[in-house]
Amino acid sequence: MGPRPNFFLIGAPRSGTTALHHDLAAHPEVFMSTPKEPHYFSTDIRREFEAYRGDQVDPMFGTEEKYLALFRDAGDAKVRGESSVYYFYSEDAARGIAAFDPNARLVLLLREPISFLRSLHGTLRLAGDEKERDFLRALELEPARRRGEHLPETVRFPGMLFYSRYAAYSRWLRMYREHIDSDRLLVLLFDELRADRAGTYRRVLEHLGVKPMDPPPRIESNAGVEPRFWWITKTLRRRGPMKQKSLVNRVLYRINTRPARRVDLRPEVELALKQRFLPEVRELSALLDRDLVTLWGYGGLD
């Protein structure tokens, strides 16, 4: 039997997973998969895609043999990991990882809900799942989209656009705790990674049981970009994976991306969103035994 993964960085998207994956891959006792996100265990999410599209998906790593081949070059690395950000929203992944390796270690990164959803909205637009340019309008469309209305023709499946589902941190964290012992699941905050990258890195290394060291030089990972033209986004989606290696796709992708233009929310809008997400922030605070209400600026909203 060849090397098998024993570490999973399970999400959430747009919360620092790419940077942490890169930093861990530089550690001499750690092997991280390429590609970063095989999503092998999230079979329930794949079924949503198949049900919506009406045909069966042939996943790149649909068999255990293909999946394990990602780790065949791990050698004697003590930690062998991958970073599939949608595992956090997958009950199949929580159960599957627990059954695959009851001693596996997991890390979860979380981000303040409004900042997280704004960043995710931009990523979904770039990928061709989201057509609506206005973030607030995208949030408002969720009830209609649950009824099958206002769905972009290129969306992979409607659940990709259910923003409240992404921000229900406490629901998904409870699900994982049902399957994974709490001492094997380390929950970190995007704030911590940004404020103290070296200290956060050492916490992860301690959790994984490998020797402490400083992180490698920083790379720019997943810098905020947005699409210029919807028709190019649709063309790229129809041609296949957004960043596949064909020259045409690379050229189109480069033409179609520009630095994201961040527009500050109006104070009354930000207040309304904070009131909307306050119950979730409180619940997550209780689960983690941390005052996220104060840390994330949700205090005094009662």
# chains A, B, ... in the order shown; residues from 1 in each chain; ligands from 1
>>> residues_around(residues="region 29-36 of chain A", least_positions_apart="5", cutoff="10 Å", atoms="only C-alpha atoms", output="PyMOL selection string")
chain A and resi 5+7-9+17-18+21-24+67-85+205+208-211
>>> write_last_selection(atoms="C-alpha atoms", output="CSV table (one decimal), in the first residue's frame")
chain,number,residue,atom,x,y,z
A,5,PRO,CA,-3.4,11.2,3.0
A,7,PHE,CA,-4.4,15.6,6.8
A,8,PHE,CA,-7.2,17.6,5.3
A,9,LEU,CA,-7.6,21.4,5.0
A,17,THR,CA,-6.6,28.0,2.4
A,18,THR,CA,-4.4,28.6,-0.7
A,21,HIS,CA,-1.5,25.0,1.5
A,22,HIS,CA,1.5,26.7,-0.1
A,23,ASP,CA,3.2,27.3,3.3
A,24,LEU,CA,2.6,23.7,4.4
A,67,TYR,CA,-7.1,9.7,-5.6
A,68,LEU,CA,-4.3,7.9,-3.9
A,69,ALA,CA,-2.1,8.4,-6.9
A,70,LEU,CA,-1.9,12.1,-5.9
A,71,PHE,CA,0.2,11.0,-2.9
A,72,ARG,CA,2.5,8.4,-4.5
A,73,ASP,CA,5.4,10.9,-4.5
A,74,ALA,CA,4.9,11.7,-0.8
A,75,GLY,CA,7.8,9.3,0.1
A,76,ASP,CA,8.3,9.2,3.9
A,77,ALA,CA,6.6,12.5,4.6
A,78,LYS,CA,5.0,12.4,8.1
A,79,VAL,CA,2.0,14.5,6.9
A,80,ARG,CA,0.3,14.0,3.6
A,81,GLY,CA,-2.5,16.4,2.9
A,82,GLU,CA,-4.9,18.1,0.5
A,83,SER,CA,-7.0,21.2,0.7
A,84,SER,CA,-10.6,20.9,-0.7
A,85,VAL,CA,-12.5,23.9,0.4
A,205,LEU,CA,2.6,22.5,12.6
A,208,LEU,CA,0.2,18.1,12.8
A,209,GLY,CA,3.0,17.0,15.1
A,210,VAL,CA,5.9,18.1,12.9
A,211,LYS,CA,8.9,20.2,13.8
>>> select_by_dssp(residues="region 11-258 of chain A", states="helix (DSSP H, G or I)", output="MDAnalysis selection string")
chainID A and resid 17:25 43:53 64:69 85:89 91:100 113:127 135:140 142:146 158:161 163:166 169:179 182:184 190:195 197:208 230:239 247:256
>>> residues_around(residues="Pro216 (chain A)", least_positions_apart="6", cutoff="12 Å", atoms="only C-alpha atoms", output="count of residues only")
14
>>> closest_atom_pairs(of="region 253-296 of chain A", to="region 103-115 of chain A", cutoff="12 Å", atoms="only C-alpha atoms", output="JSON lines")
{"residue": "A:Arg262", "atom": "CA", "partner": "A:Ser115", "partner_atom": "CA", "distance": 11.0}
{"residue": "A:Val263", "atom": "CA", "partner": "A:Ser115", "partner_atom": "CA", "distance": 11.9}
{"residue": "A:Asp264", "atom": "CA", "partner": "A:Ser115", "partner_atom": "CA", "distance": 10.8}
{"residue": "A:Leu265", "atom": "CA", "partner": "A:Ile114", "partner_atom": "CA", "distance": 10.2}
{"residue": "A:Val269", "atom": "CA", "partner": "A:Ile114", "partner_atom": "CA", "distance": 11.0}
{"residue": "A:Glu270", "atom": "CA", "partner": "A:Ile114", "partner_atom": "CA", "distance": 8.4}
{"residue": "A:Leu271", "atom": "CA", "partner": "A:Ile114", "partner_atom": "CA", "distance": 10.7}
{"residue": "A:Ala272", "atom": "CA", "partner": "A:Ile114", "partner_atom": "CA", "distance": 10.8}
{"residue": "A:Leu273", "atom": "CA", "partner": "A:Ile114", "partner_atom": "CA", "distance": 7.2}
{"residue": "A:Lys274", "atom": "CA", "partner": "A:Ile114", "partner_atom": "CA", "distance": 7.6}
{"residue": "A:Gln275", "atom": "CA", "partner": "A:Ile114", "partner_atom": "CA", "distance": 11.0}
{"residue": "A:Arg276", "atom": "CA", "partner": "A:Ile114", "partner_atom": "CA", "distance": 10.0}
{"residue": "A:Phe277", "atom": "CA", "partner": "A:Pro113", "partner_atom": "CA", "distance": 7.2}
{"residue": "A:Leu278", "atom": "CA", "partner": "A:Pro113", "partner_atom": "CA", "distance": 9.5}
{"residue": "A:Pro279", "atom": "CA", "partner": "A:Pro113", "partner_atom": "CA", "distance": 11.5}
{"residue": "A:Glu280", "atom": "CA", "partner": "A:Pro113", "partner_atom": "CA", "distance": 8.9}
{"residue": "A:Val281", "atom": "CA", "partner": "A:Pro113", "partner_atom": "CA", "distance": 8.2}
{"residue": "A:Arg282", "atom": "CA", "partner": "A:Glu112", "partner_atom": "CA", "distance": 11.9}
{"residue": "A:Leu284", "atom": "CA", "partner": "A:Leu110", "partner_atom": "CA", "distance": 10.3}
{"residue": "A:Ser285", "atom": "CA", "partner": "A:Glu112", "partner_atom": "CA", "distance": 11.7}
{"residue": "A:Leu288", "atom": "CA", "partner": "A:Leu110", "partner_atom": "CA", "distance": 11.4}
{"residue": "A:Leu292", "atom": "CA", "partner": "A:Glu112", "partner_atom": "CA", "distance": 8.7}
{"residue": "A:Val293", "atom": "CA", "partner": "A:Glu112", "partner_atom": "CA", "distance": 9.8}
{"residue": "A:Thr294", "atom": "CA", "partner": "A:Glu112", "partner_atom": "CA", "distance": 11.3}
{"residue": "A:Leu295", "atom": "CA", "partner": "A:Glu112", "partner_atom": "CA", "distance": 9.1}
{"residue": "A:Trp296", "atom": "CA", "partner": "A:Glu112", "partner_atom": "CA", "distance": 6.2}
>>> residues_around(residues="Gly148 (chain A)", least_positions_apart="2", cutoff="12 Å", atoms="only C-alpha atoms", output="list in words")
Tyr52, Leu141, Glu142, Pro143, Ala144, Arg145, Arg146, His150, Leu151, Pro152, Glu153, Val155, Phe157, Pro158, Gly159, Leu161 and Phe162 of chain A
>>> closest_atom_pairs(of="region 182-237 of chain A", to="region 251-261 of chain A", cutoff="9 Å", atoms="only C-alpha atoms", output="JSON lines")
{"residue": "A:Ala223", "atom": "CA", "partner": "A:Pro259", "partner_atom": "CA", "distance": 7.9}
{"residue": "A:Gly224", "atom": "CA", "partner": "A:Ala260", "partner_atom": "CA", "distance": 5.4}
{"residue": "A:Val225", "atom": "CA", "partner": "A:Pro259", "partner_atom": "CA", "distance": 4.3}
{"residue": "A:Glu226", "atom": "CA", "partner": "A:Ala260", "partner_atom": "CA", "distance": 5.0}
{"residue": "A:Pro227", "atom": "CA", "partner": "A:Thr257", "partner_atom": "CA", "distance": 4.7}
{"residue": "A:Arg228", "atom": "CA", "partner": "A:Asn256", "partner_atom": "CA", "distance": 5.0}
{"residue": "A:Phe229", "atom": "CA", "partner": "A:Asn256", "partner_atom": "CA", "distance": 6.2}
{"residue": "A:Trp230", "atom": "CA", "partner": "A:Asn256", "partner_atom": "CA", "distance": 8.7}
{"residue": "A:Ile232", "atom": "CA", "partner": "A:Asn256", "partner_atom": "CA", "distance": 6.6}
{"residue": "A:Thr233", "atom": "CA", "partner": "A:Asn256", "partner_atom": "CA", "distance": 7.4}
{"residue": "A:Thr235", "atom": "CA", "partner": "A:Leu252", "partner_atom": "CA", "distance": 8.8}
{"residue": "A:Leu236", "atom": "CA", "partner": "A:Leu252", "partner_atom": "CA", "distance": 7.5}
